[in-house]
>>> print(open('final-v9.pdb').read())   # PDB, C-alpha atoms and all ligand atoms
ATOM      1  CA  MET A  12     -16.257  -8.073 -15.163
ATOM      2  CA  ILE A  13     -14.908  -4.988 -13.395
ATOM      3  CA  LYS A  14     -13.637  -5.713  -9.899
ATOM      4  CA  ILE A  15     -14.806  -3.214  -7.312
ATOM      5  CA  ILE A  16     -14.150  -3.032  -3.588
ATOM      6  CA  ALA A  17     -16.896  -1.404  -1.505
ATOM      7  CA  LEU A  18     -15.768  -0.260   1.924
ATOM      8  CA  GLY A  19     -17.637   1.603   4.648
ATOM      9  CA  GLY A  20     -15.248   3.490   6.917
ATOM     10  CA  SER A  21     -16.945   2.357  10.104
ATOM     11  CA  ASN A  22     -17.317  -0.652  12.368
ATOM     12  CA  SER A  23     -21.044  -0.108  13.041
ATOM     13  CA  LYS A  24     -23.072  -3.219  12.244
ATOM     14  CA  ASN A  25     -25.694  -1.059  10.580
ATOM     15  CA  SER A  26     -23.248   1.417   9.103
ATOM     16  CA  ILE A  27     -24.883   3.970   6.830
ATOM     17  CA  ASN A  28     -21.534   4.417   5.101
ATOM     18  CA  LYS A  29     -21.331   0.738   4.307
ATOM     19  CA  LYS A  30     -24.866   0.955   2.893
ATOM     20  CA  LEU A  31     -23.920   3.914   0.703
ATOM     21  CA  ALA A  32     -20.689   2.295  -0.507
ATOM     22  CA  VAL A  33     -22.445  -0.988  -1.394
ATOM     23  CA  TYR A  34     -25.299   0.879  -3.061
ATOM     24  CA  ALA A  35     -22.871   2.928  -5.174
ATOM     25  CA  ALA A  36     -20.816  -0.117  -6.164
ATOM     26  CA  ASN A  37     -23.975  -1.921  -7.206
ATOM     27  CA  GLN A  38     -24.853   0.889  -9.639
ATOM     28  CA  ILE A  39     -21.867  -0.076 -11.787
ATOM     29  CA  ALA A  40     -22.690  -2.327 -14.726
ATOM     30  CA  ASN A  41     -20.737  -5.587 -15.010
ATOM     31  CA  ALA A  42     -19.157  -5.128 -11.608
ATOM     32  CA  GLU A  43     -18.046  -7.906  -9.322
ATOM     33  CA  VAL A  44     -18.373  -6.214  -5.932
ATOM     34  CA  THR A  45     -16.329  -7.302  -2.912
ATOM     35  CA  VAL A  46     -17.558  -5.759   0.320
ATOM     36  CA  VAL A  47     -14.866  -5.138   2.924
ATOM     37  CA  ASP A  48     -16.276  -5.055   6.452
ATOM     38  CA  LEU A  49     -13.790  -3.566   8.899
ATOM     39  CA  ASN A  50     -15.212  -5.765  11.696
ATOM     40  CA  GLU A  51     -14.214  -8.898   9.849
ATOM     41  CA  LEU A  52     -10.576  -7.788   9.685
ATOM     42  CA  ASP A  53     -10.481  -8.041  13.472
ATOM     43  CA  LEU A  54      -7.294  -5.967  13.722
ATOM     44  CA  PRO A  55      -5.407  -5.167  16.901
ATOM     45  CA  MET A  56      -4.984  -1.471  17.623
ATOM     46  CA  PHE A  57      -2.059  -0.187  15.606
ATOM     47  CA  GLY A  58       1.013   0.882  17.482
ATOM     48  CA  MET A  59       4.732   0.601  16.836
ATOM     49  CA  ASP A  60       5.184  -1.698  19.824
ATOM     50  CA  GLU A  61       2.408  -4.008  18.545
ATOM     51  CA  GLU A  62       4.013  -4.083  15.097
ATOM     52  CA  ILE A  63       7.473  -4.816  16.473
ATOM     53  CA  ALA A  64       6.129  -7.551  18.758
ATOM     54  CA  ASN A  65       3.718  -9.296  16.367
ATOM     55  CA  GLY A  66       4.278  -7.892  12.864
ATOM     56  CA  ILE A  67       1.658  -6.673  10.417
ATOM     57  CA  PRO A  68      -1.482  -8.853  10.757
ATOM     58  CA  ASP A  69      -2.257 -11.341   7.968
ATOM     59  CA  ASN A  70      -5.599  -9.651   7.330
ATOM     60  CA  VAL A  71      -3.800  -6.409   6.513
ATOM     61  CA  HIS A  72      -1.664  -8.218   3.931
ATOM     62  CA  LYS A  73      -4.841  -9.864   2.579
ATOM     63  CA  LEU A  74      -6.573  -6.507   2.241
ATOM     64  CA  ASN A  75      -3.491  -5.079   0.554
ATOM     65  CA  ARG A  76      -3.559  -7.937  -1.981
ATOM     66  CA  LEU A  77      -7.286  -7.436  -2.505
ATOM     67  CA  ILE A  78      -6.635  -3.761  -3.322
ATOM     68  CA  ALA A  79      -3.810  -4.780  -5.694
ATOM     69  CA  ALA A  80      -6.219  -7.067  -7.561
ATOM     70  CA  THR A  81      -9.142  -4.637  -7.815
ATOM     71  CA  ASP A  82     -10.010  -2.246 -10.632
ATOM     72  CA  GLY A  83     -11.576   0.400  -8.421
ATOM     73  CA  LEU A  84     -12.411   1.405  -4.885
ATOM     74  CA  VAL A  85     -15.700   2.748  -3.555
ATOM     75  CA  ILE A  86     -15.173   4.135  -0.067
ATOM     76  CA  SER A  87     -17.628   5.963   2.170
ATOM     77  CA  LEU A  88     -16.194   7.487   5.333
ATOM     78  CA  ALA A  89     -17.939   7.835   8.652
ATOM     79  CA  GLU A  90     -17.133  11.058  10.477
ATOM     80  CA  HIS A  91     -16.350  10.894  14.185
ATOM     81  CA  ASN A  92     -15.566  14.238  15.800
ATOM     82  CA  GLY A  93     -14.538  15.627  12.454
ATOM     83  CA  CYS A  94     -12.122  12.777  11.694
ATOM     84  CA  TYR A  95     -11.951   9.181  10.503
ATOM     85  CA  SER A  96     -13.631   6.577  12.701
ATOM     86  CA  VAL A  97     -11.141   4.740  14.885
ATOM     87  CA  ALA A  98     -11.805   1.477  13.015
ATOM     88  CA  PHE A  99     -11.021   3.049   9.652
ATOM     89  CA  LYS A 100      -7.934   4.899  10.891
ATOM     90  CA  ASN A 101      -6.660   1.698  12.439
ATOM     91  CA  ALA A 102      -6.940  -0.260   9.184
ATOM     92  CA  TYR A 103      -5.480   2.698   7.262
ATOM     93  CA  ASP A 104      -2.469   2.978   9.562
ATOM     94  CA  TRP A 105      -1.820  -0.769   9.377
ATOM     95  CA  LEU A 106      -2.059  -0.714   5.559
ATOM     96  CA  SER A 107       0.348   2.213   5.393
ATOM     97  CA  ARG A 108       3.009   0.093   7.104
ATOM     98  CA  ILE A 109       3.360  -2.243   4.098
ATOM     99  CA  ASP A 110       4.811   0.153   1.549
ATOM    100  CA  GLY A 111       3.127   3.522   2.027
ATOM    101  CA  LYS A 112       1.025   3.127  -1.124
ATOM    102  CA  VAL A 113      -2.204   2.255   0.620
ATOM    103  CA  TRP A 114      -4.623   2.860  -2.279
ATOM    104  CA  GLN A 115      -2.200   1.706  -4.972
ATOM    105  CA  ASN A 116      -3.389   4.340  -7.477
ATOM    106  CA  LYS A 117      -6.648   2.497  -8.024
ATOM    107  CA  PRO A 118      -9.414   4.854  -9.174
ATOM    108  CA  MET A 119     -11.546   5.765  -6.187
ATOM    109  CA  LEU A 120     -15.065   7.024  -5.661
ATOM    110  CA  LEU A 121     -14.695   8.720  -2.277
ATOM    111  CA  MET A 122     -17.862   9.463  -0.345
ATOM    112  CA  GLY A 123     -19.022  10.233   3.145
ATOM    113  CA  THR A 124     -22.393  10.378   4.793
ATOM    114  CA  SER A 125     -23.854  11.236   8.167
ATOM    115  CA  PRO A 126     -27.310  11.761   9.638
ATOM    116  CA  GLY A 127     -26.536  15.493   9.749
ATOM    117  CA  VAL A 128     -26.751  18.161   7.088
ATOM    118  CA  ARG A 129     -22.989  18.412   6.541
ATOM    119  CA  GLY A 130     -22.746  14.874   5.205
ATOM    120  CA  ALA A 131     -19.315  14.051   6.634
ATOM    121  CA  GLN A 132     -17.727  16.954   4.717
ATOM    122  CA  THR A 133     -15.015  17.488   7.311
ATOM    123  CA  VAL A 134     -13.599  13.981   7.146
ATOM    124  CA  LEU A 135     -14.001  14.017   3.375
ATOM    125  CA  GLY A 136     -11.801  17.126   3.258
ATOM    126  CA  ILE A 137      -9.186  15.351   5.345
ATOM    127  CA  ALA A 138      -9.221  12.330   3.029
ATOM    128  CA  LEU A 139      -9.157  14.473  -0.124
ATOM    129  CA  ALA A 140      -6.027  16.174   1.182
ATOM    130  CA  GLY A 141      -4.354  13.072   2.583
ATOM    131  CA  PHE A 142      -5.195  10.079   0.392
ATOM    132  CA  PRO A 143      -3.237  11.300  -2.668
ATOM    133  CA  ARG A 144      -0.067  11.175  -0.572
ATOM    134  CA  LEU A 145      -0.684   7.468   0.031
ATOM    135  CA  GLY A 146      -1.431   6.293  -3.483
ATOM    136  CA  GLY A 147      -4.934   7.740  -3.611
ATOM    137  CA  ASN A 148      -6.353   8.349  -7.093
ATOM    138  CA  ILE A 149      -9.662  10.065  -6.396
ATOM    139  CA  ALA A 150     -11.789  10.101  -9.522
ATOM    140  CA  ALA A 151     -14.840  11.638  -7.849
ATOM    141  CA  ASP A 152     -16.030  12.609  -4.403
ATOM    142  CA  PHE A 153     -19.506  12.923  -2.980
ATOM    143  CA  SER A 154     -20.873  14.116   0.337
ATOM    144  CA  PHE A 155     -24.331  12.704   1.075
ATOM    145  CA  PRO A 156     -26.156  14.702   3.776
ATOM    146  CA  SER A 157     -29.024  13.730   6.097
ATOM    147  CA  PHE A 158     -28.788  10.042   5.267
ATOM    148  CA  ASP A 159     -32.007   9.001   7.002
ATOM    149  CA  ASP A 160     -34.081  11.563   5.093
ATOM    150  CA  ASN A 161     -32.504  10.894   1.720
ATOM    151  CA  PHE A 162     -31.927   7.134   1.564
ATOM    152  CA  SER A 163     -34.202   4.149   1.849
ATOM    153  CA  ASP A 164     -33.018   0.546   2.044
ATOM    154  CA  GLN A 165     -35.530  -0.388  -0.629
ATOM    155  CA  ASP A 166     -35.113   2.466  -3.103
ATOM    156  CA  GLY A 167     -31.634   3.835  -2.394
ATOM    157  CA  ILE A 168     -31.234   7.607  -2.836
ATOM    158  CA  VAL A 169     -34.743   9.048  -2.815
ATOM    159  CA  ASN A 170     -33.870  12.748  -3.114
ATOM    160  CA  SER A 171     -33.885  13.410  -6.863
ATOM    161  CA  GLU A 172     -31.442  16.340  -6.776
ATOM    162  CA  LEU A 173     -28.921  14.360  -4.755
ATOM    163  CA  LYS A 174     -29.475  11.329  -6.977
ATOM    164  CA  GLU A 175     -28.579  13.392 -10.034
ATOM    165  CA  VAL A 176     -25.314  14.563  -8.464
ATOM    166  CA  PHE A 177     -24.578  11.034  -7.219
ATOM    167  CA  ASP A 178     -25.168   9.570 -10.701
ATOM    168  CA  SER A 179     -22.772  12.082 -12.233
ATOM    169  CA  LYS A 180     -20.103  11.129  -9.670
ATOM    170  CA  VAL A 181     -20.574   7.415 -10.327
ATOM    171  CA  GLU A 182     -20.252   8.139 -14.046
ATOM    172  CA  LEU A 183     -16.991  10.052 -13.497
ATOM    173  CA  PHE A 184     -15.687   7.109 -11.479
ATOM    174  CA  VAL A 185     -16.754   4.527 -14.082
ATOM    175  CA  ASN A 186     -15.093   6.551 -16.831
ATOM    176  CA  SER A 187     -11.839   6.481 -14.877
ATOM    177  CA  LEU A 188     -11.739   2.690 -14.569
TER     178      LEU A 188
HETATM  179  C1  LIG A 201     -18.146   9.459  18.699
HETATM  180  C2  LIG A 201     -19.003   9.997  17.571
HETATM  181  C3  LIG A 201     -18.654  11.192  16.987
HETATM  182  C4  LIG A 201     -19.406  11.680  15.919
HETATM  183  N1  LIG A 201     -18.991  12.832  15.306
HETATM  184  C5  LIG A 201     -19.626  13.257  14.193
HETATM  185  C6  LIG A 201     -19.116  14.359  13.445
HETATM  186  O1  LIG A 201     -18.100  14.937  13.761
HETATM  187  N2  LIG A 201     -19.782  14.721  12.334
HETATM  188  C7  LIG A 201     -20.909  14.061  11.913
HETATM  189  O2  LIG A 201     -21.467  14.416  10.882
HETATM  190  N3  LIG A 201     -21.405  13.006  12.581
HETATM  191  C8  LIG A 201     -20.796  12.587  13.719
HETATM  192  N4  LIG A 201     -21.270  11.507  14.401
HETATM  193  C9  LIG A 201     -22.472  10.831  13.924
HETATM  194  C10 LIG A 201     -22.125   9.844  12.841
HETATM  195  O3  LIG A 201     -22.095  10.531  11.611
HETATM  196  C11 LIG A 201     -23.175   8.734  12.811
HETATM  197  O4  LIG A 201     -23.021   7.950  13.973
HETATM  198  C12 LIG A 201     -23.076   7.887  11.572
HETATM  199  O5  LIG A 201     -24.089   6.914  11.642
HETATM  200  C13 LIG A 201     -21.734   7.228  11.436
HETATM  201  O6  LIG A 201     -21.699   6.464  10.262
HETATM  202  P1  LIG A 201     -21.815   4.874  10.264
HETATM  203  O7  LIG A 201     -23.282   4.543  10.484
HETATM  204  O8  LIG A 201     -21.347   4.495   8.919
HETATM  205  O9  LIG A 201     -20.976   4.368  11.398
HETATM  206  C14 LIG A 201     -20.550  10.988  15.474
HETATM  207  C15 LIG A 201     -20.896   9.790  16.100
HETATM  208  C16 LIG A 201     -20.146   9.291  17.121
HETATM  209  C17 LIG A 201     -20.514   7.969  17.751
END
>>> encode(input="final-v9.pdb", output="structure tokens")
Amino acid sequence: MIKIIALGGSNSKNSINKKLAVYAANQIANAEVTVVDLNELDLPMFGMDEEIANGIPDNVHKLNRLIAATDGLVISLAEHNGCYSVAFKNAYDWLSRIDGKVWQNKPMLLMGTSPGVRGAQTVLGIALAGFPRLGGNIAADFSFPSFDDNFSDQDGIVNSELKEVFDSKVELFVNSL
């Protein structure tokens, strides 16, 4: 079995990014998928004073170990005002305090989606530029626009052109594992 982490970069209960990440991870044959829900990490807001007073939370160490033990990462980023969601940035900053190698060179399928036509392209650009400096090994990236028009809970990606591009990105990712 190939171990895959699926992570939506959002703390929305009905996160479209979590849906896309889980959907993508489930396309991979022989994959054991672990879904990371940022809500369940229940992290305090990162700050140097918080770290000095209480240390790095156990759940951050647990997530770091989970990443160390995985074969690949499927991440879909929510875009808030052109940046990472606060929940994602918080987890990311905490993780970076362990050893600065957040993604531990694990092959990554990096995606982003939004209800709008730009499909979280701005935050994707930020991650594409920044993740490699923190151990990011991005095998493929995919921006999925107009989520509500192009995805159904029952059938997944229903736009055939986007599905073709998505499939090619998943294939690139699988080949990198
Ligand atoms: C504070 C806030 C800022 C947002 N800014 C953007 C944005 O810059 N670009 C965008 O495409 N969508 C933006 N959106 C819409 C999000 O893409 C939308 O809420 C989406 O569902 C977030 O993904 P999620 O469901 O995985 O949380 C914003 C939403 C909120 C609440």
>>> closest_residue(input="final-v9.pdb", among="A:Ile78, A:Leu52, A:Leu120, A:Ala35", to="A:Lys174", atoms="all atoms listed in the file")
A:Ala35
>>> closest_residue(input="final-v9.pdb", among="A:Lys100, A:Lys117, A:His91, A:Lys24", to="ligand LIG 201 (chain A)", atoms="all atoms listed in the file")
A:His91
>>> residues_near_ligand(input="final-v9.pdb", ligand="ligand LIG 201 (chain A)", cutoff="10 Å", atoms="all atoms listed in the file", output="PyMOL selection string")
chain A and resi 19-32+87-98+123-134+156-159
>>> write_last_selection(input="final-v9.pdb", atoms="C-alpha atoms", output="mmCIF file, in the frame of the given file")
data_model
loop_
_atom_site.group_PDB
_atom_site.id
_atom_site.type_symbol
_atom_site.label_atom_id
_atom_site.label_comp_id
_atom_site.auth_asym_id
_atom_site.auth_seq_id
_atom_site.Cartn_x
_atom_site.Cartn_y
_atom_site.Cartn_z
ATOM 1 C CA GLY A 19 -17.637 1.603 4.648
ATOM 2 C CA GLY A 20 -15.248 3.490 6.917
ATOM 3 C CA SER A 21 -16.945 2.357 10.104
ATOM 4 C CA ASN A 22 -17.317 -0.652 12.368
ATOM 5 C CA SER A 23 -21.044 -0.108 13.041
ATOM 6 C CA LYS A 24 -23.072 -3.219 12.244
ATOM 7 C CA ASN A 25 -25.694 -1.059 10.580
ATOM 8 C CA SER A 26 -23.248 1.417 9.103
ATOM 9 C CA ILE A 27 -24.883 3.970 6.830
ATOM 10 C CA ASN A 28 -21.534 4.417 5.101
ATOM 11 C CA LYS A 29 -21.331 0.738 4.307
ATOM 12 C CA LYS A 30 -24.866 0.955 2.893
ATOM 13 C CA LEU A 31 -23.920 3.914 0.703
ATOM 14 C CA ALA A 32 -20.689 2.295 -0.507
ATOM 15 C CA SER A 87 -17.628 5.963 2.170
ATOM 16 C CA LEU A 88 -16.194 7.487 5.333
ATOM 17 C CA ALA A 89 -17.939 7.835 8.652
ATOM 18 C CA GLU A 90 -17.133 11.058 10.477
ATOM 19 C CA HIS A 91 -16.350 10.894 14.185
ATOM 20 C CA ASN A 92 -15.566 14.238 15.800
ATOM 21 C CA GLY A 93 -14.538 15.627 12.454
ATOM 22 C CA CYS A 94 -12.122 12.777 11.694
ATOM 23 C CA TYR A 95 -11.951 9.181 10.503
ATOM 24 C CA SER A 96 -13.631 6.577 12.701
ATOM 25 C CA VAL A 97 -11.141 4.740 14.885
ATOM 26 C CA ALA A 98 -11.805 1.477 13.015
ATOM 27 C CA GLY A 123 -19.022 10.233 3.145
ATOM 28 C CA THR A 124 -22.393 10.378 4.793
ATOM 29 C CA SER A 125 -23.854 11.236 8.167
ATOM 30 C CA PRO A 126 -27.310 11.761 9.638
ATOM 31 C CA GLY A 127 -26.536 15.493 9.749
ATOM 32 C CA VAL A 128 -26.751 18.161 7.088
ATOM 33 C CA ARG A 129 -22.989 18.412 6.541
ATOM 34 C CA GLY A 130 -22.746 14.874 5.205
ATOM 35 C CA ALA A 131 -19.315 14.051 6.634
ATOM 36 C CA GLN A 132 -17.727 16.954 4.717
ATOM 37 C CA THR A 133 -15.015 17.488 7.311
ATOM 38 C CA VAL A 134 -13.599 13.981 7.146
ATOM 39 C CA PRO A 156 -26.156 14.702 3.776
ATOM 40 C CA SER A 157 -29.024 13.730 6.097
ATOM 41 C CA PHE A 158 -28.788 10.042 5.267
ATOM 42 C CA ASP A 159 -32.007 9.001 7.002
#
>>> atom_distance(input="final-v9.pdb", atom1="atom CA of A:His72", atom2="atom CA of A:Leu188")
23.7 Å
>>> resolve_selection(input="final-v9.pdb", expression="the PyMOL selection byres (((chain A and resi 65-70) around 12) and not hetatm)", output="JSON, numbers by chain")
{"A": [47, 48, 49, 50, 51, 52, 53, 54, 55, 56, 57, 58, 59, 60, 61, 62, 63, 64, 71, 72, 73, 74, 75, 76, 77, 101, 102, 104, 105, 106, 107, 108, 109, 110]}
>>> resolve_selection(input="final-v9.pdb", expression="the PyMOL selection byres (((chain A and resi 37) around 12) and not hetatm)", output="list in words")
Ile13, Lys14, Ile15, Ile16, Ala17, Lys30, Leu31, Ala32, Val33, Tyr34, Ala35, Ala36, Gln38, Ile39, Ala40, Asn41, Ala42, Glu43, Val44, Thr45, Val46, Val85, Gly167, Val181 and Val185 of chain A
>>> closest_residue(input="final-v9.pdb", among="A:Asp160, A:Phe155, A:Ala150, A:Asn186", to="A:Leu173", atoms="all atoms listed in the file")
A:Phe155
>>> residues_around(input="final-v9.pdb", residues="A:Phe177", least_positions_apart="6", cutoff="10 Å", atoms="all atoms listed in the file", output="PDB file with C-alpha atoms, keeping the file's coordinate frame")
ATOM      1  CA  ALA A  35     -22.871   2.928  -5.174  1.00  0.00           C
ATOM      2  CA  MET A 122     -17.862   9.463  -0.345  1.00  0.00           C
ATOM      3  CA  ALA A 151     -14.840  11.638  -7.849  1.00  0.00           C
ATOM      4  CA  ASP A 152     -16.030  12.609  -4.403  1.00  0.00           C
ATOM      5  CA  PHE A 153     -19.506  12.923  -2.980  1.00  0.00           C
ATOM      6  CA  SER A 154     -20.873  14.116   0.337  1.00  0.00           C
ATOM      7  CA  PHE A 155     -24.331  12.704   1.075  1.00  0.00           C
ATOM      8  CA  ILE A 168     -31.234   7.607  -2.836  1.00  0.00           C
ATOM      9  CA  SER A 171     -33.885  13.410  -6.863  1.00  0.00           C
ATOM     10  CA  LEU A 183     -16.991  10.052 -13.497  1.00  0.00           C
TER      11      LEU A 183
END
>>> atom_distance(input="final-v9.pdb", atom1="atom CA of A:Phe99", atom2="atom CA of A:Ile149")
17.6 Å
>>> residues_around(input="final-v9.pdb", residues="stretch 142-147 of chain A", least_positions_apart="2", cutoff="10 Å", atoms="only C-alpha atoms", output="NGL selection string")
:A and (84 or 103 or 106-107 or 110-119 or 121 or 137-140 or 149-150)
>>> atom_distance(input="final-v9.pdb", atom1="atom CA of A:Ser187", atom2="atom CA of A:Ala80")
16.4 Å
>>> decode(input="final-v9.pdb", residues="stretch 34-67 of chain A", atoms="N, CA and C atoms", output="CSV table (one decimal), in the first residue's frame")
chain,number,residue,atom,x,y,z
A,34,TYR,N,-10.8,13.5,-2.7
A,34,TYR,CA,-11.2,12.9,-4.0
A,34,TYR,C,-9.9,12.6,-4.8
A,35,ALA,N,-8.9,13.5,-4.8
A,35,ALA,CA,-7.7,13.2,-5.6
A,35,ALA,C,-7.0,12.0,-5.0
A,36,ALA,N,-6.9,12.0,-3.7
A,36,ALA,CA,-6.1,10.9,-3.0
A,36,ALA,C,-6.8,9.6,-3.3
A,37,ASN,N,-8.1,9.6,-3.4
A,37,ASN,CA,-8.8,8.3,-3.6
A,37,ASN,C,-8.8,7.8,-5.0
A,38,GLN,N,-8.2,8.7,-5.9
A,38,GLN,CA,-8.0,8.2,-7.3
A,38,GLN,C,-6.8,7.3,-7.4
A,39,ILE,N,-5.9,7.3,-6.4
A,39,ILE,CA,-4.7,6.6,-6.5
A,39,ILE,C,-4.9,5.1,-6.1
A,40,ALA,N,-4.5,4.2,-7.0
A,40,ALA,CA,-4.6,2.8,-6.7
A,40,ALA,C,-3.7,2.4,-5.6
A,41,ASN,N,-4.2,1.4,-4.8
A,41,ASN,CA,-3.5,0.9,-3.7
A,41,ASN,C,-3.0,1.9,-2.7
A,42,ALA,N,-3.8,2.9,-2.5
A,42,ALA,CA,-3.4,4.0,-1.5
A,42,ALA,C,-4.2,3.8,-0.2
A,43,GLU,N,-3.4,4.0,0.9
A,43,GLU,CA,-4.0,4.1,2.2
A,43,GLU,C,-4.0,5.6,2.5
A,44,VAL,N,-5.2,6.1,2.5
A,44,VAL,CA,-5.4,7.6,2.6
A,44,VAL,C,-5.6,8.0,4.1
A,45,THR,N,-4.8,8.9,4.6
A,45,THR,CA,-5.1,9.5,5.9
A,45,THR,C,-5.5,10.9,5.7
A,46,VAL,N,-6.7,11.3,6.1
A,46,VAL,CA,-7.2,12.6,6.0
A,46,VAL,C,-6.8,13.5,7.2
A,47,VAL,N,-6.1,14.6,7.0
A,47,VAL,CA,-5.8,15.5,8.0
A,47,VAL,C,-6.8,16.6,8.0
A,48,ASP,N,-7.5,16.8,9.1
A,48,ASP,CA,-8.5,17.9,9.3
A,48,ASP,C,-7.9,18.9,10.2
A,49,LEU,N,-7.7,20.1,9.7
A,49,LEU,CA,-7.0,21.1,10.5
A,49,LEU,C,-7.8,21.4,11.8
A,50,ASN,N,-9.1,21.2,11.8
A,50,ASN,CA,-9.9,21.5,13.0
A,50,ASN,C,-9.5,20.5,14.1
A,51,GLU,N,-9.2,19.3,13.7
A,51,GLU,CA,-8.9,18.3,14.7
A,51,GLU,C,-7.5,18.5,15.4
A,52,LEU,N,-6.7,19.3,14.8
A,52,LEU,CA,-5.4,19.6,15.4
A,52,LEU,C,-5.6,20.5,16.6
A,53,ASP,N,-6.6,21.4,16.5
A,53,ASP,CA,-6.9,22.2,17.6
A,53,ASP,C,-5.7,23.0,18.2
A,54,LEU,N,-5.1,23.7,17.3
A,54,LEU,CA,-3.8,24.4,17.6
A,54,LEU,C,-4.0,25.8,18.2
A,55,PRO,N,-3.3,26.2,19.2
A,55,PRO,CA,-3.3,27.6,19.5
A,55,PRO,C,-2.7,28.4,18.4
A,56,MET,N,-3.0,29.7,18.4
A,56,MET,CA,-2.5,30.6,17.4
A,56,MET,C,-0.9,30.7,17.6
A,57,PHE,N,-0.2,30.5,16.5
A,57,PHE,CA,1.3,30.5,16.7
A,57,PHE,C,1.7,31.9,17.0
A,58,GLY,N,2.7,32.0,17.9
A,58,GLY,CA,3.4,33.2,18.2
A,58,GLY,C,4.6,32.8,19.0
A,59,MET,N,5.7,33.6,18.9
A,59,MET,CA,6.9,33.3,19.6
A,59,MET,C,6.6,33.2,21.2
A,60,ASP,N,5.8,34.1,21.7
A,60,ASP,CA,5.5,34.1,23.1
A,60,ASP,C,4.8,32.8,23.5
A,61,GLU,N,3.9,32.3,22.7
A,61,GLU,CA,3.1,31.1,22.9
A,61,GLU,C,4.1,29.9,22.9
A,62,GLU,N,5.0,29.9,21.9
A,62,GLU,CA,6.0,28.8,21.8
A,62,GLU,C,6.9,28.8,23.1
A,63,ILE,N,7.4,29.9,23.4
A,63,ILE,CA,8.3,30.0,24.6
A,63,ILE,C,7.6,29.6,25.9
A,64,ALA,N,6.3,30.0,26.0
A,64,ALA,CA,5.6,29.7,27.2
A,64,ALA,C,5.2,28.2,27.3
A,65,ASN,N,4.7,27.6,26.2
A,65,ASN,CA,4.1,26.3,26.2
A,65,ASN,C,4.7,25.3,25.3
A,66,GLY,N,5.7,25.7,24.5
A,66,GLY,CA,6.4,24.7,23.6
A,66,GLY,C,5.5,24.5,22.3
A,67,ILE,N,6.1,23.6,21.5
A,67,ILE,CA,5.3,23.2,20.2
A,67,ILE,C,4.3,22.2,20.6
